Amino acid sequence: MRHSLRIASRHVPRLASKQTTRALATAETRLHRPSTDGKPPTAVVLLNMGGPSTLSEVNSFLTNLFSDKDLIPLPFQSLLAPWIARRRTPKIEQQYADIGGGSPILRYTQEQGRLMCQLLDELSPETAPHKPYVAFRYANPLTSQTLAELKADGVKRAIAFTQYPQYSCSTTGSSLNELYRKANRGEAGKIKWSVIDRWAMHDGLVDAFTNLIYKALLKFPVERRSKAVLLFSAHSLPMSVVNRGDPYVMEVATTVGSVMKRLASVDGFQNPYRLVWQSQVGPSAWMGQQTIEALKGLARLGPIEEKRAEKSAKNKLSELVSVGYTDVVLVPIAFTSDHIETLYELDLEYVKEGKELGLNVQRAESLNVSPTFIRAMADLVHEHLKSTEAEGGQPVSTQMMLRCPGCTNETCGEQKRWFAGWGS
Ligand SMILES: C=CC1=C(C)c2cc3[nH]c(cc4nc(cc5[nH]c(cc1n2)c(C)c5CCC(=O)O)C(CCC(=O)O)=C4C)c(C)c3C=C
Ligand code: FES
Ligand SMILES: [Fe+2]
């Protein structure tokens, strides 16, 4: 049987499990939350960089971002950061205006947290109630504000849950360093912390990505689906960061490998694919190939010709069939929700440019609030709670404890030791 015939819509619900949909529906309509006897909530703190929710926040978002030494160390940073931010603001403001006036990252993160905690209350009644908090690095709610909320709620147990599935010291590392700096100063009171620092190969995450890729492939005519090129696109990283031993590039590749394995195991699907990199900023060397260059390259190579054996007894000659690698699915593989990189760069720039180059480009939807994804988040936190609360449970992964071999940032070491001691 040809692959193209095997991608039928009946396979899509198989990945988005009925159990998940039912559990979500139950969580949505449930009238009675588990009795918690006035217990303080188990806090699930969703860490991300954030984005400006309105155009008036663009400048402060960029100022905070360029002031972050863990992300971009600059000479005379306190002077240079506001200057770069001011120069960049009009261009970036225009991009946010073009996607509707702001980043949807806060709205999605709050909704993901709310739905995840509803599921968690059912999965783990012994640690209920679970309450989601959002701690952004560069936009509101900033870490200090979130820690004040934890303190006001009397939280005693908290999980720092990174919303970047793949670990980079410039993203998750920066958020953990900030959390350590503020929580260590007692801004949240006395709390027992543990950390979900990476989840690049989590089964539920892989299922959620696979579902969304299927959905995008279904937009191509059945006979072309198995040939569409999957271009997994991740935010790039400066080579200086890659070269100090940052694990992000390796971890993004493991997500891609796991998704391709899942596609093959579910339906024997073996689409051609590449991992490419987007959103580089400034003149220094960044991880490549750039997503836009890959699109241009595919367009340049054009349709390929393939020989297919003609079975007819009369005509033993091969028939030339043009199959072409002009069908492309762009898959944002390192973000858990939409924001400027997907809605502006992928949708408004690359999909448009790809079409002008003669390619048929589809974009796999972002994870956002897909039921499979919400279930994955809840399962992950549930597994984490079980393992940390078991006798001898550890608050951090062994992988988190290994600093980049080229790291010279002392805060990284202090931060890891602090979390490994459950934040005391
Ligand atoms: C996995 C995700 C991300 C990595 C890794 C990452 C590294 C990284 N980013 C910059 C500089 C900028 N990033 C900007 C925006 C931005 N970056 C990410 C994600 C990752 N960044 C997201 C999700 C966003 C958009 C936020 C939103 O809209 O919701 C920006 C601001 C936009 C711009 O000025 O172009 C900058 C600058 C560096 C230097 C870096 C690695 C060191
Ligand atoms: S930069 Fe990676 S551990 Fe410090
Ligand atoms: Fe970025």
# chains A, B, ... in the order shown; residues from 1 in each chain; ligands from 1

call {"tool": "residues_near_ligand", "arguments": {"ligand": "ligand 3", "cutoff": "10 Å", "atoms": "only C-alpha atoms and all ligand atoms", "output": "PyMOL selection string"}}
result
chain A and resi 49+65+71+170-171+235-237+278-281+341

call {"tool": "write_last_selection", "arguments": {"atoms": "N, CA and C atoms", "output": "JSON list (two decimals), in the first residue's frame"}}
result
[["chain", "number", "residue", "atom", "x", "y", "z"],
["A", 49, "MET", "N", 9.99, 33.30, 28.20],
["A", 49, "MET", "CA", 10.53, 34.65, 28.03],
["A", 49, "MET", "C", 9.44, 35.70, 28.02],
["A", 65, "LEU", "N", 15.09, 42.37, 27.54],
["A", 65, "LEU", "CA", 15.77, 41.30, 26.80],
["A", 65, "LEU", "C", 17.25, 41.64, 26.56],
["A", 71, "LEU", "N", 21.54, 36.04, 28.34],
["A", 71, "LEU", "CA", 21.13, 35.87, 26.95],
["A", 71, "LEU", "C", 22.14, 36.52, 26.00],
["A", 170, "SER", "N", 20.49, 30.08, 27.37],
["A", 170, "SER", "CA", 20.01, 31.42, 27.05],
["A", 170, "SER", "C", 18.51, 31.56, 27.27],
["A", 171, "THR", "N", 17.80, 30.48, 27.43],
["A", 171, "THR", "CA", 16.34, 30.55, 27.64],
["A", 171, "THR", "C", 15.98, 30.01, 29.03],
["A", 235, "HIS", "N", 14.14, 28.38, 16.69],
["A", 235, "HIS", "CA", 14.87, 29.65, 16.90],
["A", 235, "HIS", "C", 16.36, 29.31, 16.93],
["A", 236, "SER", "N", 17.14, 30.06, 16.17],
["A", 236, "SER", "CA", 18.57, 29.79, 16.11],
["A", 236, "SER", "C", 19.28, 30.24, 17.39],
["A", 237, "LEU", "N", 20.56, 29.94, 17.44],
["A", 237, "LEU", "CA", 21.39, 30.25, 18.60],
["A", 237, "LEU", "C", 22.74, 30.77, 18.09],
["A", 278, "GLN", "N", 15.74, 29.67, 12.54],
["A", 278, "GLN", "CA", 15.18, 30.97, 12.18],
["A", 278, "GLN", "C", 15.52, 32.03, 13.22],
["A", 279, "SER", "N", 15.15, 33.26, 12.92],
["A", 279, "SER", "CA", 15.12, 34.39, 13.87],
["A", 279, "SER", "C", 16.49, 34.83, 14.38],
["A", 280, "GLN", "N", 17.53, 34.67, 13.60],
["A", 280, "GLN", "CA", 18.80, 35.17, 14.12],
["A", 280, "GLN", "C", 18.78, 36.70, 14.15],
["A", 281, "VAL", "N", 19.49, 37.25, 15.13],
["A", 281, "VAL", "CA", 19.51, 38.71, 15.32],
["A", 281, "VAL", "C", 20.96, 39.18, 15.29],
["A", 341, "GLU", "N", 7.42, 34.88, 16.23],
["A", 341, "GLU", "CA", 8.24, 34.05, 15.33],
["A", 341, "GLU", "C", 7.40, 33.14, 14.42]]

call {"tool": "residues_near_ligand", "arguments": {"ligand": "ligand 2", "cutoff": "6 Å", "atoms": "only C-alpha atoms and all ligand atoms", "output": "tab-separated table (two decimals) with C-alpha atoms, in the first residue's frame"}}
result
chain	number	residue	atom	x	y	z
A	169	CYS	CA	21.22	28.35	28.94
A	246	ASP	CA	24.93	24.52	25.14
A	403	ARG	CA	27.18	23.01	33.37
A	404	CYS	CA	28.25	23.76	29.82
A	407	CYS	CA	30.52	28.12	31.07
A	409	ASN	CA	28.90	32.34	34.50
A	412	CYS	CA	24.75	28.97	36.69

call {"tool": "atom_distance", "arguments": {"atom1": "CA of Leu106 in chain A", "atom2": "CA of Leu179 in chain A"}}
result
18.3 Å

call {"tool": "residues_around", "arguments": {"residues": "Val396 in chain A", "least_positions_apart": "4", "cutoff": "7 Å", "atoms": "only C-alpha atoms", "output": "list in words"}}
result
Ser194, Val195, Met400, Phe419 and Ala420 of chain A

call {"tool": "closest_atom_pairs", "arguments": {"of": "range 315-376 of chain A", "to": "range 219-231 of chain A", "cutoff": "12 Å", "atoms": "only C-alpha atoms", "output": "Markdown table"}}
result
| residue | atom | partner | partner_atom | distance |
| --- | --- | --- | --- | --- |
| A:Ser322 | CA | A:Arg224 | CA | 11.1 |
| A:Val323 | CA | A:Lys227 | CA | 7.8 |
| A:Gly324 | CA | A:Lys227 | CA | 8.0 |
| A:Tyr325 | CA | A:Ala228 | CA | 6.5 |
| A:Thr326 | CA | A:Ala228 | CA | 7.4 |
| A:Asp327 | CA | A:Ala228 | CA | 4.7 |
| A:Val328 | CA | A:Val229 | CA | 4.8 |
| A:Val329 | CA | A:Leu230 | CA | 4.9 |
| A:Leu330 | CA | A:Leu231 | CA | 4.9 |
| A:Val331 | CA | A:Leu231 | CA | 6.0 |
| A:Pro332 | CA | A:Leu231 | CA | 8.6 |
| A:Ile333 | CA | A:Leu231 | CA | 9.5 |
| A:Leu346 | CA | A:Leu231 | CA | 11.4 |
| A:Tyr350 | CA | A:Leu231 | CA | 11.7 |
| A:Val351 | CA | A:Leu231 | CA | 11.9 |
| A:Leu359 | CA | A:Ala228 | CA | 10.6 |
| A:Asn360 | CA | A:Phe220 | CA | 8.8 |
| A:Val361 | CA | A:Ala228 | CA | 9.4 |
| A:Gln362 | CA | A:Lys219 | CA | 7.8 |
| A:Arg363 | CA | A:Leu231 | CA | 9.5 |
| A:Ala364 | CA | A:Leu230 | CA | 9.5 |

call {"tool": "write_last_selection", "arguments": {"atoms": "N, CA and C atoms", "output": "compact mmCIF listing (two decimals), in the first residue's frame"}}
result
# COMPACT_ATOMS: atom_id res chain seq x y z
N SER A 322 7.40 13.16 -12.79
CA SER A 322 7.87 14.30 -12.01
C SER A 322 7.16 14.31 -10.66
N VAL A 323 7.92 14.18 -9.58
CA VAL A 323 7.28 14.20 -8.27
C VAL A 323 7.50 15.54 -7.55
N GLY A 324 8.71 16.06 -7.64
CA GLY A 324 8.99 17.40 -7.11
C GLY A 324 9.02 17.52 -5.60
N TYR A 325 10.04 18.24 -5.11
CA TYR A 325 10.07 18.55 -3.69
C TYR A 325 9.59 19.99 -3.51
N THR A 326 8.48 20.30 -4.08
CA THR A 326 8.00 21.68 -3.98
C THR A 326 6.91 21.83 -2.91
N ASP A 327 6.51 20.70 -2.29
CA ASP A 327 5.53 20.78 -1.20
C ASP A 327 6.30 20.78 0.12
N VAL A 328 5.99 21.75 0.96
CA VAL A 328 6.76 21.93 2.19
C VAL A 328 5.82 22.16 3.38
N VAL A 329 6.14 21.50 4.50
CA VAL A 329 5.43 21.81 5.75
C VAL A 329 6.44 22.44 6.71
N LEU A 330 6.16 23.67 7.14
CA LEU A 330 7.01 24.32 8.15
C LEU A 330 6.50 23.92 9.52
N VAL A 331 7.40 23.37 10.34
CA VAL A 331 6.98 22.89 11.67
C VAL A 331 7.74 23.66 12.76
N PRO A 332 7.06 24.56 13.49
CA PRO A 332 7.77 25.24 14.59
C PRO A 332 7.98 24.24 15.72
N ILE A 333 9.23 23.86 15.97
CA ILE A 333 9.50 22.70 16.84
C ILE A 333 10.04 23.09 18.22
N LEU A 346 7.15 33.16 10.26
CA LEU A 346 6.78 31.99 9.44
C LEU A 346 5.59 32.32 8.53
N TYR A 350 7.79 33.86 5.57
CA TYR A 350 8.30 32.68 4.87
C TYR A 350 7.26 31.98 4.01
N VAL A 351 6.04 31.84 4.55
CA VAL A 351 5.01 31.15 3.74
C VAL A 351 4.76 31.98 2.48
N LEU A 359 6.80 27.45 -4.30
CA LEU A 359 6.61 26.29 -3.42
C LEU A 359 5.18 26.28 -2.88
N ASN A 360 4.70 25.08 -2.52
CA ASN A 360 3.41 25.00 -1.82
C ASN A 360 3.74 24.82 -0.35
N VAL A 361 3.63 25.90 0.42
CA VAL A 361 4.06 25.85 1.81
C VAL A 361 2.85 25.84 2.75
N GLN A 362 2.84 24.87 3.64
CA GLN A 362 1.84 24.83 4.71
C GLN A 362 2.58 24.98 6.03
N ARG A 363 1.90 25.55 7.03
CA ARG A 363 2.54 25.63 8.35
C ARG A 363 1.79 24.73 9.33
N ALA A 364 2.52 23.84 9.99
CA ALA A 364 1.88 23.05 11.05
C ALA A 364 1.49 24.02 12.16

call {"tool": "closest_residue", "arguments": {"among": "A:Thr42, A:Phe209, A:Ser67, A:Gln94", "to": "Leu55 in chain A", "atoms": "only C-alpha atoms"}}
result
A:Gln94

call {"tool": "select_by_dssp", "arguments": {"residues": "range 90-269 of chain A", "states": "strand (DSSP E or B)", "output": "MDAnalysis selection string"}}
result
chainID A and resid 130:136 142 157:162 192:196 229:235 238

call {"tool": "closest_residue", "arguments": {"among": "A:Arg375, A:Lys156, A:Arg181, A:Arg87", "to": "ligand 1", "atoms": "only C-alpha atoms and all ligand atoms"}}
result
A:Arg87

call {"tool": "closest_residue", "arguments": {"among": "A:Gln289, A:Ala183, A:Val256, A:Ala294", "to": "Asp207 in chain A", "atoms": "only C-alpha atoms"}}
result
A:Val256

call {"tool": "residues_around", "arguments": {"residues": "Val155 in chain A", "least_positions_apart": "5", "cutoff": "7 Å", "atoms": "only C-alpha atoms", "output": "list in words"}}
result
Pro40, Pro41, Thr42, Ala43, Leu150 and Ile191 of chain A

call {"tool": "residues_around", "arguments": {"residues": "Ile99 in chain A", "least_positions_apart": "3", "cutoff": "12 Å", "atoms": "only C-alpha atoms", "output": "list in words"}}
result
Pro52, Ser53, Thr54, Leu55, Ile92, Glu93, Gln94, Gln95, Tyr96, Gly102, Ser103, Pro104, Asp338, His339, Ile340, Glu341, Thr342, Leu343, Tyr344, Glu345, Leu346, Asp347, Leu348 and Glu349 of chain A

call {"tool": "select_by_dssp", "arguments": {"residues": "range 108-161 of chain A", "states": "helix (DSSP H, G or I)", "output": "list in words"}}
result
Tyr108, Thr109, Gln110, Glu111, Gln112, Gly113, Arg114, Leu115, Met116, Cys117, Gln118, Leu119, Leu120, Asp121, Glu122, Leu123, Pro125, Glu126, Thr127, Thr143, Ser144, Gln145, Thr146, Leu147, Ala148, Glu149, Leu150, Lys151 and Ala152 of chain A

call {"tool": "residues_around", "arguments": {"residues": "Asp153 in chain A", "least_positions_apart": "4", "cutoff": "12 Å", "atoms": "only C-alpha atoms", "output": "list in words"}}
result
Gly38, Lys39, Pro40, Pro41, Thr42, Ala43, Pro129, His130, Lys131, Pro132, Tyr133, Thr146, Leu147, Ala148, Glu149, Arg157, Ala158, Ala188, Gly189 and Ile191 of chain A

call {"tool": "closest_residue", "arguments": {"among": "A:Thr143, A:Gln290, A:Ser265, A:Ser168", "to": "ligand 1", "atoms": "only C-alpha atoms and all ligand atoms"}}
result
A:Ser168

call {"tool": "residues_around", "arguments": {"residues": "Ala378 in chain A", "least_positions_apart": "3", "cutoff": "9 Å", "atoms": "only C-alpha atoms", "output": "list in words"}}
result
Leu115, Met116, Cys117, Gln118, Leu119, Leu120, Leu123, Phe373, Ile374, Arg375, Val381, His382 and Glu383 of chain A

call {"tool": "closest_residue", "arguments": {"among": "A:Ser124, A:Thr372, A:Ser366, A:Thr411", "to": "ligand 1", "atoms": "only C-alpha atoms and all ligand atoms"}}
result
A:Ser366

call {"tool": "closest_residue", "arguments": {"among": "A:Ile196, A:Val259, A:Val134, A:Ala334", "to": "ligand 1", "atoms": "only C-alpha atoms and all ligand atoms"}}
result
A:Ala334
